[in-house]
Structure formats: structure tokens, C-alpha cells
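Structure file input-v7.cif with mmCIF, C-alpha atoms:
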data_query
loop_
_atom_site.label_atom_id
_atom_site.label_comp_id
_atom_site.auth_asym_id
_atom_site.auth_seq_id
_atom_site.Cartn_x
_atom_site.Cartn_y
_atom_site.Cartn_z
CA MET U 1 -2.04 -6.64 -26.57
CA PRO U 2 -3.77 -5.84 -23.26
CA ALA U 3 -2.40 -2.95 -21.20
CA LYS U 4 -0.50 -4.80 -18.51
CA PRO U 5 -0.25 -4.04 -14.81
CA LEU U 6 3.15 -2.86 -13.57
CA ILE U 7 4.80 -4.86 -10.77
CA LEU U 8 7.90 -4.00 -8.74
CA VAL U 9 10.06 -6.95 -7.64
CA ILE U 10 12.31 -6.14 -4.66
CA GLU U 11 14.53 -9.20 -4.25
CA ASP U 12 18.32 -9.28 -3.73
CA ASP U 13 18.83 -12.70 -5.32
CA HIS U 14 19.49 -11.62 -8.91
CA HIS U 15 18.64 -15.00 -10.40
CA LEU U 16 15.34 -15.28 -8.50
CA ASN U 17 14.47 -11.67 -9.28
CA GLN U 18 14.94 -12.22 -12.99
CA SER U 19 13.14 -15.57 -12.86
CA ILE U 20 10.09 -13.98 -11.20
CA GLN U 21 10.04 -11.20 -13.78
CA GLU U 22 10.24 -13.65 -16.67
CA PHE U 23 7.49 -15.85 -15.22
CA LEU U 24 5.17 -12.88 -14.68
CA ALA U 25 5.83 -11.44 -18.15
CA PRO U 26 2.57 -12.78 -19.69
CA LEU U 27 0.60 -11.09 -16.90
CA ALA U 28 2.46 -7.88 -16.18
CA ASP U 29 5.30 -5.52 -16.98
CA THR U 30 7.91 -5.67 -14.26
CA ARG U 31 10.81 -3.73 -12.83
CA GLY U 32 13.33 -5.36 -10.55
CA VAL U 33 15.61 -3.90 -7.87
CA TYR U 34 17.98 -5.63 -5.49
CA ALA U 35 18.22 -3.38 -2.42
CA GLY U 36 15.63 -2.20 0.08
CA ASP U 37 16.40 1.51 -0.10
CA GLU U 38 16.10 1.58 -3.88
CA GLY U 39 12.91 -0.45 -3.72
CA GLU U 40 11.39 1.92 -1.15
CA TYR U 41 12.32 4.92 -3.28
CA LEU U 42 10.71 3.53 -6.44
CA ALA U 43 7.65 2.16 -4.64
CA SER U 44 7.01 5.53 -3.01
CA GLU U 45 6.33 6.99 -6.47
CA GLY U 46 2.97 5.18 -6.35
CA ILE U 47 3.06 4.06 -9.99
CA PHE U 48 3.11 0.30 -9.40
CA ASP U 49 0.05 -1.95 -9.27
CA ALA U 50 1.66 -4.53 -6.96
CA ILE U 51 4.93 -5.09 -5.13
CA ILE U 52 6.72 -8.37 -4.46
CA LEU U 53 8.93 -7.77 -1.42
CA ASP U 54 11.69 -9.87 0.10
CA ILE U 55 12.51 -9.37 3.79
CA MET U 56 16.26 -10.03 3.93
CA LEU U 57 17.54 -7.15 1.79
CA PRO U 58 20.73 -5.06 1.79
CA GLU U 59 20.61 -1.39 2.87
CA MET U 60 17.04 -1.61 4.22
CA ASP U 61 15.13 -4.75 5.23
CA GLY U 62 11.70 -5.51 3.82
CA PHE U 63 9.84 -4.82 7.06
CA THR U 64 11.31 -1.31 7.14
CA VAL U 65 10.45 -0.80 3.47
CA LEU U 66 6.84 -1.81 4.14
CA HIS U 67 6.62 0.37 7.26
CA LYS U 68 7.89 3.43 5.37
CA LEU U 69 5.49 2.87 2.48
CA ARG U 70 2.43 2.51 4.68
CA ALA U 71 3.51 5.48 6.83
CA ALA U 72 3.67 7.52 3.61
CA HIS U 73 0.15 6.31 2.73
CA VAL U 74 1.33 4.27 -0.26
CA GLY U 75 -1.48 1.73 -0.60
CA THR U 76 0.02 -0.41 -3.36
CA PRO U 77 -0.74 -4.11 -2.68
CA VAL U 78 2.31 -5.89 -1.29
CA LEU U 79 3.11 -9.59 -1.32
CA ILE U 80 5.94 -10.53 1.02
CA LEU U 81 8.06 -13.29 -0.48
CA THR U 82 10.62 -14.63 2.01
CA ALA U 83 12.32 -17.63 3.56
CA LYS U 84 11.31 -16.35 7.02
CA ASP U 85 8.35 -18.64 7.71
CA GLY U 86 7.92 -18.17 11.45
CA LEU U 87 4.49 -17.13 12.74
CA SER U 88 5.96 -14.03 14.42
CA ASP U 89 7.43 -12.88 11.08
CA LYS U 90 4.12 -13.42 9.31
CA MET U 91 2.21 -11.55 11.99
CA ARG U 92 4.70 -8.69 11.85
CA GLY U 93 4.26 -8.49 8.09
CA PHE U 94 0.48 -8.31 8.33
CA ASP U 95 0.65 -5.83 11.22
CA LEU U 96 2.78 -3.56 9.04
CA GLY U 97 0.24 -3.73 6.22
CA THR U 98 1.23 -6.48 3.81
CA ASP U 99 -1.61 -7.90 1.72
CA ASP U 100 -0.24 -11.43 1.37
CA TYR U 101 2.67 -13.57 2.54
CA LEU U 102 4.33 -16.41 0.60
CA THR U 103 7.29 -18.38 1.92
CA LYS U 104 10.22 -19.78 -0.05
CA PRO U 105 10.49 -22.22 -1.66
CA PHE U 106 7.25 -21.64 -3.54
CA HIS U 107 5.45 -22.88 -6.62
CA ARG U 108 5.47 -20.33 -9.43
CA GLU U 109 1.83 -21.05 -10.20
CA GLU U 110 0.87 -20.15 -6.64
CA LEU U 111 2.75 -16.85 -6.90
CA MET U 112 0.92 -16.08 -10.16
CA ALA U 113 -2.46 -16.90 -8.58
CA ARG U 114 -1.82 -14.74 -5.53
CA ILE U 115 -0.67 -11.79 -7.63
CA LYS U 116 -3.80 -12.07 -9.78
CA VAL U 117 -5.95 -11.95 -6.65
CA LEU U 118 -4.21 -8.78 -5.44
CA LEU U 119 -4.56 -7.13 -8.85
CA LYS U 120 -8.21 -8.08 -9.20
CA ARG U 121 -8.96 -6.83 -5.69
CA SER U 122 -7.51 -3.41 -6.55
CA GLY U 123 -9.16 -3.32 -9.99
CA LYS U 124 -5.86 -3.51 -11.90
CA TYR U 125 -6.59 -6.84 -13.59
CA ARG U 126 -9.73 -8.05 -15.29
CA ASP U 127 -10.47 -11.38 -16.93
CA ASP U 128 -12.80 -9.77 -19.48
CA TYR U 129 -10.16 -7.26 -20.68
CA THR U 130 -12.72 -4.43 -20.78
CA LEU U 131 -12.67 -1.01 -19.13
CA ALA U 132 -15.69 1.30 -19.20
CA PHE U 133 -16.23 4.88 -18.12
CA GLY U 134 -19.49 6.66 -18.93
CA PRO U 135 -20.00 6.33 -22.71
CA LEU U 136 -16.39 5.17 -23.23
CA THR U 137 -15.35 1.53 -23.64
CA VAL U 138 -11.80 0.21 -23.96
CA GLN U 139 -11.20 -3.35 -25.16
CA LEU U 140 -7.78 -4.21 -23.78
CA ASN U 141 -7.33 -7.33 -25.89
CA ASP U 142 -7.22 -5.38 -29.18
CA ARG U 143 -6.54 -1.86 -27.80
CA SER U 144 -9.73 -0.51 -29.36
CA VAL U 145 -11.51 2.55 -27.96
CA THR U 146 -15.11 3.61 -28.60
CA VAL U 147 -17.30 6.45 -27.29
CA SER U 148 -21.02 5.71 -27.57
CA GLY U 149 -20.09 2.98 -30.05
CA VAL U 150 -18.03 5.30 -32.28
CA PRO U 151 -14.36 4.25 -32.73
CA VAL U 152 -11.66 6.63 -31.52
CA ALA U 153 -8.16 6.23 -32.99
CA LEU U 154 -5.44 6.73 -30.39
CA SER U 155 -1.68 6.43 -30.69
CA GLY U 156 0.23 4.06 -28.44
CA LYS U 157 1.04 6.51 -25.64
CA GLU U 158 -2.37 8.24 -25.94
CA TYR U 159 -3.99 4.86 -25.41
CA ASP U 160 -1.67 4.02 -22.50
CA LEU U 161 -2.45 7.38 -20.90
CA LEU U 162 -6.19 6.80 -21.19
CA VAL U 163 -5.91 3.32 -19.67
CA TYR U 164 -3.82 4.65 -16.79
CA LEU U 165 -6.47 7.28 -16.04
CA LEU U 166 -9.19 4.64 -16.24
CA GLN U 167 -7.31 2.38 -13.84
CA ASN U 168 -7.11 5.26 -11.36
CA GLN U 169 -10.62 6.69 -11.61
CA GLY U 170 -11.35 9.31 -8.99
CA THR U 171 -7.69 9.51 -7.94
CA ILE U 172 -5.29 12.35 -8.68
CA VAL U 173 -2.29 11.16 -10.69
CA THR U 174 0.66 13.52 -10.86
CA LYS U 175 2.55 14.36 -14.01
CA GLU U 176 5.58 12.67 -12.49
CA GLN U 177 3.62 9.45 -11.89
CA ILE U 178 2.32 9.46 -15.47
CA PHE U 179 5.80 10.09 -16.85
CA ASP U 180 7.45 7.39 -14.75
CA ARG U 181 4.69 4.90 -15.57
CA LEU U 182 4.51 5.49 -19.33
CA TRP U 183 8.04 6.56 -20.24
CA GLY U 184 10.12 5.16 -17.39
CA PHE U 185 12.50 6.66 -14.83
CA ASP U 186 15.49 6.50 -17.20
CA SER U 187 13.77 8.07 -20.21
CA ASP U 188 15.57 10.92 -21.98
CA THR U 189 12.20 12.57 -22.69
CA GLY U 190 11.23 15.58 -20.57
CA LEU U 191 8.23 15.88 -18.27
CA ALA U 192 6.55 18.28 -20.72
CA VAL U 193 5.72 15.30 -22.94
CA VAL U 194 2.91 14.42 -20.51
CA GLU U 195 1.10 17.68 -21.27
CA VAL U 196 1.55 17.13 -25.00
CA TYR U 197 -0.06 13.69 -24.91
CA MET U 198 -2.80 14.82 -22.54
CA SER U 199 -3.64 17.64 -24.96
CA ASN U 200 -3.74 15.17 -27.86
CA LEU U 201 -5.98 12.80 -25.91
CA ARG U 202 -8.42 15.56 -25.03
CA LYS U 203 -8.59 16.70 -28.64
CA LYS U 204 -9.47 13.21 -29.83
CA LEU U 205 -12.16 12.89 -27.15
CA LYS U 206 -13.44 16.44 -27.69
CA GLY U 207 -17.18 16.82 -27.52
CA THR U 208 -17.68 13.79 -25.30
CA ALA U 209 -18.43 13.57 -21.58
CA VAL U 210 -15.15 11.74 -21.18
CA ALA U 211 -13.09 14.75 -22.28
CA ASP U 212 -14.95 16.92 -19.77
CA ALA U 213 -14.32 14.31 -17.07
CA ILE U 214 -10.53 14.67 -17.32
CA ARG U 215 -9.80 17.51 -14.94
CA THR U 216 -6.49 19.32 -14.51
CA ILE U 217 -5.27 19.83 -10.95
CA ARG U 218 -3.06 22.89 -11.34
CA ASN U 219 0.64 22.33 -10.64
CA VAL U 220 -0.11 18.72 -9.65
CA GLY U 221 -1.60 16.50 -12.35
CA TYR U 222 -4.96 15.15 -13.48
CA ILE U 223 -8.01 13.29 -12.25
CA LEU U 224 -10.68 11.37 -14.15
CA ASN U 225 -13.83 12.61 -12.43
CA GLU U 226 -16.56 9.98 -12.08
CA VAL U 227 -19.35 12.51 -11.46
CA ALA U 228 -18.74 14.23 -14.78
CA ALA U 229 -18.78 10.92 -16.64
CA ASN U 230 -22.03 9.79 -15.05
CA ALA U 231 -23.67 13.08 -15.97
CA GLY U 232 -22.85 12.40 -19.60
CA LYS U 233 -24.61 9.03 -19.73
#
Please, can you express the file's structure as C-alpha cells?
Amino acid sequence: MPAKPLILVIEDDHHLNQSIQEFLAPLADTRGVYAGDEGEYLASEGIFDAIILDIMLPEMDGFTVLHKLRAAHVGTPVLILTAKDGLSDKMRGFDLGTDDYLTKPFHREELMARIKVLLKRSGKYRDDYTLAFGPLTVQLNDRSVTVSGVPVALSGKEYDLLVYLLQNQGTIVTKEQIFDRLWGFDSDTGLAVVEVYMSNLRKKLKGTAVADAIRTIRNVGYILNEVAANAGK
């Protein structure tokens, strides 16, 4: 199956939250929360590819959540989903940095279309299900990986790690972000598992420009360096 984007749904209506997650399941993996403070905390980790944000939330309203995220330089695309349909509310949302605004009630198909646009714009969703980096090609539809046409066998988490790096080319991803994205916040596995899988991935890509392109940022995380990959073409 294709590696799916990860979407955070911040909506206090439990039924609607679950309904949105179920509807988006063919497109993305989702995590749902029901309060603004919890949503802001999770979103600030920077591991999500898009955020669906209600305005009327307990603990912290959606406008405050959005303001805090943008003030912290979290650039994750945000779609505000709310019953507040006044022009002043819409303008406030866009002034605070939302990427789209959809009022309730809404058609599910329109929500799906708008989310796809946000994901495509940020490079997190592709219709052709292919990712490329230097001599490396990943076919997301069958999870196959090749380097200069030669197949590379990766385990599930090795593959997921590679795709996550590819989706964040040129950007430093911390070990914590990788762990939360691939294993989840509530995983019993320790953070050291990230280094284990990164070591395995490098070994399987050894001798290729791609392996050299994965750089370690000491005490922080990793970055897939575009310059190194281009030099290996």
C-alpha cells in the first residue's frame, strides 16, 4: 500500500471527529483529539502533513491554537473546519495563517478535495505514487525501492523511514519526530530504535549516493541532503 500522509483532526464533536477520520482513511492515516490544548501540543511536534482544526474547542480555541503554531514556526498546512461562517471569522483565520477555510455543514467530497490540494501543494501527496531522489526511486503503490534500477529490499519500518526522509528533503527531522511519526506517541519502544533503523537503512543503501546524502545532525536528528544526491547522478 502507498505510504500515507498523516493528518491531525482537532474537533471536539466525537462523532464528527471519528466520521472525518473514517472518511479520510483511504487517503491518509489520522489521529484525532478533542481539545485545543492537546491539539496544539501534538501539532507542535511537526510530524503531521495537514491539520483539520475546529474553532470552538474546549481548553483552547482554534484561533489560539493556530496563532501558537504559526508563532512557533510550525508550517503544517491547516484547514479550519467550523460553523463560524462570518466574513470576520474567515479573515481572522487567514490573517493567523490558515491555508483553507471550510464551513459546516459541508460535503465530505469537498473536504477530501481540499485536503488533497493542501497535501499536493506541500508535496505530501502525489497522484503518480512515485518518489525520486538522485538515483533512488520509490514506487509507493507496491512499496518497491530501486537504486539505479537495482532493487533494494527494505523492512516495513526501514521503508517508512526512507519515505519520511524523502518527503522532507532538505529539512532536518529530529529523532523525536521520526519516532512519533513511525512508532507513535504511545509506543512502548524507546527512542534508540530510531538509530537502529537508520543504521539498517544506511547499510542497505551502502555504496550509493543516497546513503551519503543522509547526514546526521549531532544530538538533533537527520537530513536528506539534496546536494549530495545530485552529485551522485
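Residue nearest Gln177 (chain U), chosen from U:Lys206, U:Gly46, U:Thr76, U:Met112 and counting all atoms listed in the file: U:Gly46.
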Shortest interatomic distance to Leu205 (chain U) - which of U:Ala28, U:Ala113, U:Val33, U:Val147, counting only C-alpha atoms: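 Ranking U:Ala28, U:Ala113, U:Val33, U:Val147 by distance to Leu205 (chain U), first place goes to U:Val147.
The environment of Ala83 (chain U) within 10 Å, counting all atoms listed in the file and disregarding residues fewer than 6 places along the same chain, consists of U:Asp54, U:Ile55, U:Met56, U:Leu102, U:Thr103, U:Lys104, U:Pro105, U:Phe106.
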Nearest-residue call for Asp37 (chain U), choices U:Leu191, U:Leu57, U:Leu154, U:Ala71, using all atoms listed in the file: U:Leu57
Considering only C-alpha atoms, return as an mmCIF file with C-alpha atoms, keeping the file's coordinate frame whatever protein or nucleic-acid residues lie within 12 Å of region 213-215 of chain U, sequence-local ones (same chain, fewer than 2 positions apart) excluded.
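Dumped to selection17.cif:
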data_model
loop_
_atom_site.group_PDB
_atom_site.id
_atom_site.type_symbol
_atom_site.label_atom_id
_atom_site.label_comp_id
_atom_site.auth_asym_id
_atom_site.auth_seq_id
_atom_site.Cartn_x
_atom_site.Cartn_y
_atom_site.Cartn_z
ATOM 1 C CA PHE U 133 -16.230 4.880 -18.120
ATOM 2 C CA GLY U 134 -19.490 6.660 -18.930
ATOM 3 C CA PRO U 135 -20.000 6.330 -22.710
ATOM 4 C CA LEU U 136 -16.390 5.170 -23.230
ATOM 5 C CA LEU U 161 -2.450 7.380 -20.900
ATOM 6 C CA LEU U 162 -6.190 6.800 -21.190
ATOM 7 C CA LEU U 165 -6.470 7.280 -16.040
ATOM 8 C CA LEU U 166 -9.190 4.640 -16.240
ATOM 9 C CA ASN U 168 -7.110 5.260 -11.360
ATOM 10 C CA GLN U 169 -10.620 6.690 -11.610
ATOM 11 C CA GLY U 170 -11.350 9.310 -8.990
ATOM 12 C CA THR U 171 -7.690 9.510 -7.940
ATOM 13 C CA ILE U 172 -5.290 12.350 -8.680
ATOM 14 C CA VAL U 173 -2.290 11.160 -10.690
ATOM 15 C CA THR U 174 0.660 13.520 -10.860
ATOM 16 C CA MET U 198 -2.800 14.820 -22.540
ATOM 17 C CA SER U 199 -3.640 17.640 -24.960
ATOM 18 C CA LEU U 201 -5.980 12.800 -25.910
ATOM 19 C CA ARG U 202 -8.420 15.560 -25.030
ATOM 20 C CA LYS U 203 -8.590 16.700 -28.640
ATOM 21 C CA LEU U 205 -12.160 12.890 -27.150
ATOM 22 C CA LYS U 206 -13.440 16.440 -27.690
ATOM 23 C CA GLY U 207 -17.180 16.820 -27.520
ATOM 24 C CA THR U 208 -17.680 13.790 -25.300
ATOM 25 C CA ALA U 209 -18.430 13.570 -21.580
ATOM 26 C CA VAL U 210 -15.150 11.740 -21.180
ATOM 27 C CA ALA U 211 -13.090 14.750 -22.280
ATOM 28 C CA ILE U 217 -5.270 19.830 -10.950
ATOM 29 C CA ARG U 218 -3.060 22.890 -11.340
ATOM 30 C CA VAL U 220 -0.110 18.720 -9.650
ATOM 31 C CA GLY U 221 -1.600 16.500 -12.350
ATOM 32 C CA TYR U 222 -4.960 15.150 -13.480
ATOM 33 C CA ILE U 223 -8.010 13.290 -12.250
ATOM 34 C CA LEU U 224 -10.680 11.370 -14.150
ATOM 35 C CA ASN U 225 -13.830 12.610 -12.430
ATOM 36 C CA GLU U 226 -16.560 9.980 -12.080
ATOM 37 C CA VAL U 227 -19.350 12.510 -11.460
ATOM 38 C CA ALA U 228 -18.740 14.230 -14.780
ATOM 39 C CA ALA U 229 -18.780 10.920 -16.640
ATOM 40 C CA ASN U 230 -22.030 9.790 -15.050
ATOM 41 C CA ALA U 231 -23.670 13.080 -15.970
ATOM 42 C CA GLY U 232 -22.850 12.400 -19.600
ATOM 43 C CA LYS U 233 -24.610 9.030 -19.730
#
Filled-in N, CA and C atoms of region 190-206 of chain U, supplied as a PDB file, in the coordinates of the input:
ATOM      1  N   GLY U 190      11.523  14.681 -21.680  1.00  0.00           N
ATOM      2  CA  GLY U 190      11.230  15.580 -20.570  1.00  0.00           C
ATOM      3  C   GLY U 190       9.796  15.443 -20.080  1.00  0.00           C
ATOM      4  N   LEU U 191       9.546  15.973 -18.906  1.00  0.00           N
ATOM      5  CA  LEU U 191       8.230  15.880 -18.270  1.00  0.00           C
ATOM      6  C   LEU U 191       7.146  16.566 -19.099  1.00  0.00           C
ATOM      7  N   ALA U 192       7.524  17.541 -19.915  1.00  0.00           N
ATOM      8  CA  ALA U 192       6.550  18.280 -20.720  1.00  0.00           C
ATOM      9  C   ALA U 192       5.807  17.374 -21.705  1.00  0.00           C
ATOM     10  N   VAL U 193       6.371  16.203 -21.993  1.00  0.00           N
ATOM     11  CA  VAL U 193       5.720  15.300 -22.940  1.00  0.00           C
ATOM     12  C   VAL U 193       4.360  14.840 -22.414  1.00  0.00           C
ATOM     13  N   VAL U 194       4.190  14.823 -21.093  1.00  0.00           N
ATOM     14  CA  VAL U 194       2.910  14.420 -20.510  1.00  0.00           C
ATOM     15  C   VAL U 194       1.809  15.394 -20.930  1.00  0.00           C
ATOM     16  N   GLU U 195       2.087  16.678 -20.877  1.00  0.00           N
ATOM     17  CA  GLU U 195       1.100  17.680 -21.270  1.00  0.00           C
ATOM     18  C   GLU U 195       0.764  17.574 -22.747  1.00  0.00           C
ATOM     19  N   VAL U 196       1.772  17.271 -23.555  1.00  0.00           N
ATOM     20  CA  VAL U 196       1.550  17.130 -25.000  1.00  0.00           C
ATOM     21  C   VAL U 196       0.573  15.993 -25.278  1.00  0.00           C
ATOM     22  N   TYR U 197       0.805  14.839 -24.660  1.00  0.00           N
ATOM     23  CA  TYR U 197      -0.060  13.690 -24.910  1.00  0.00           C
ATOM     24  C   TYR U 197      -1.429  13.865 -24.273  1.00  0.00           C
ATOM     25  N   MET U 198      -1.501  14.549 -23.138  1.00  0.00           N
ATOM     26  CA  MET U 198      -2.800  14.820 -22.540  1.00  0.00           C
ATOM     27  C   MET U 198      -3.612  15.745 -23.443  1.00  0.00           C
ATOM     28  N   SER U 199      -2.957  16.740 -24.028  1.00  0.00           N
ATOM     29  CA  SER U 199      -3.640  17.640 -24.960  1.00  0.00           C
ATOM     30  C   SER U 199      -4.156  16.876 -26.176  1.00  0.00           C
ATOM     31  N   ASN U 200      -3.325  15.979 -26.706  1.00  0.00           N
ATOM     32  CA  ASN U 200      -3.740  15.170 -27.860  1.00  0.00           C
ATOM     33  C   ASN U 200      -4.932  14.280 -27.516  1.00  0.00           C
ATOM     34  N   LEU U 201      -4.892  13.686 -26.337  1.00  0.00           N
ATOM     35  CA  LEU U 201      -5.980  12.800 -25.910  1.00  0.00           C
ATOM     36  C   LEU U 201      -7.272  13.582 -25.780  1.00  0.00           C
ATOM     37  N   ARG U 202      -7.213  14.736 -25.185  1.00  0.00           N
ATOM     38  CA  ARG U 202      -8.420  15.560 -25.030  1.00  0.00           C
ATOM     39  C   ARG U 202      -8.999  15.974 -26.380  1.00  0.00           C
ATOM     40  N   LYS U 203      -8.118  16.304 -27.317  1.00  0.00           N
ATOM     41  CA  LYS U 203      -8.590  16.700 -28.640  1.00  0.00           C
ATOM     42  C   LYS U 203      -9.344  15.565 -29.320  1.00  0.00           C
ATOM     43  N   LYS U 204      -8.831  14.354 -29.177  1.00  0.00           N
ATOM     44  CA  LYS U 204      -9.470  13.210 -29.830  1.00  0.00           C
ATOM     45  C   LYS U 204     -10.766  12.794 -29.141  1.00  0.00           C
ATOM     46  N   LEU U 205     -10.924  13.189 -27.878  1.00  0.00           N
ATOM     47  CA  LEU U 205     -12.160  12.890 -27.150  1.00  0.00           C
ATOM     48  C   LEU U 205     -13.070  14.117 -27.059  1.00  0.00           C
ATOM     49  N   LYS U 206     -12.699  15.177 -27.767  1.00  0.00           N
ATOM     50  CA  LYS U 206     -13.440  16.440 -27.690  1.00  0.00           C
ATOM     51  C   LYS U 206     -14.909  16.251 -28.049  1.00  0.00           C
TER      52      LYS U 206
END
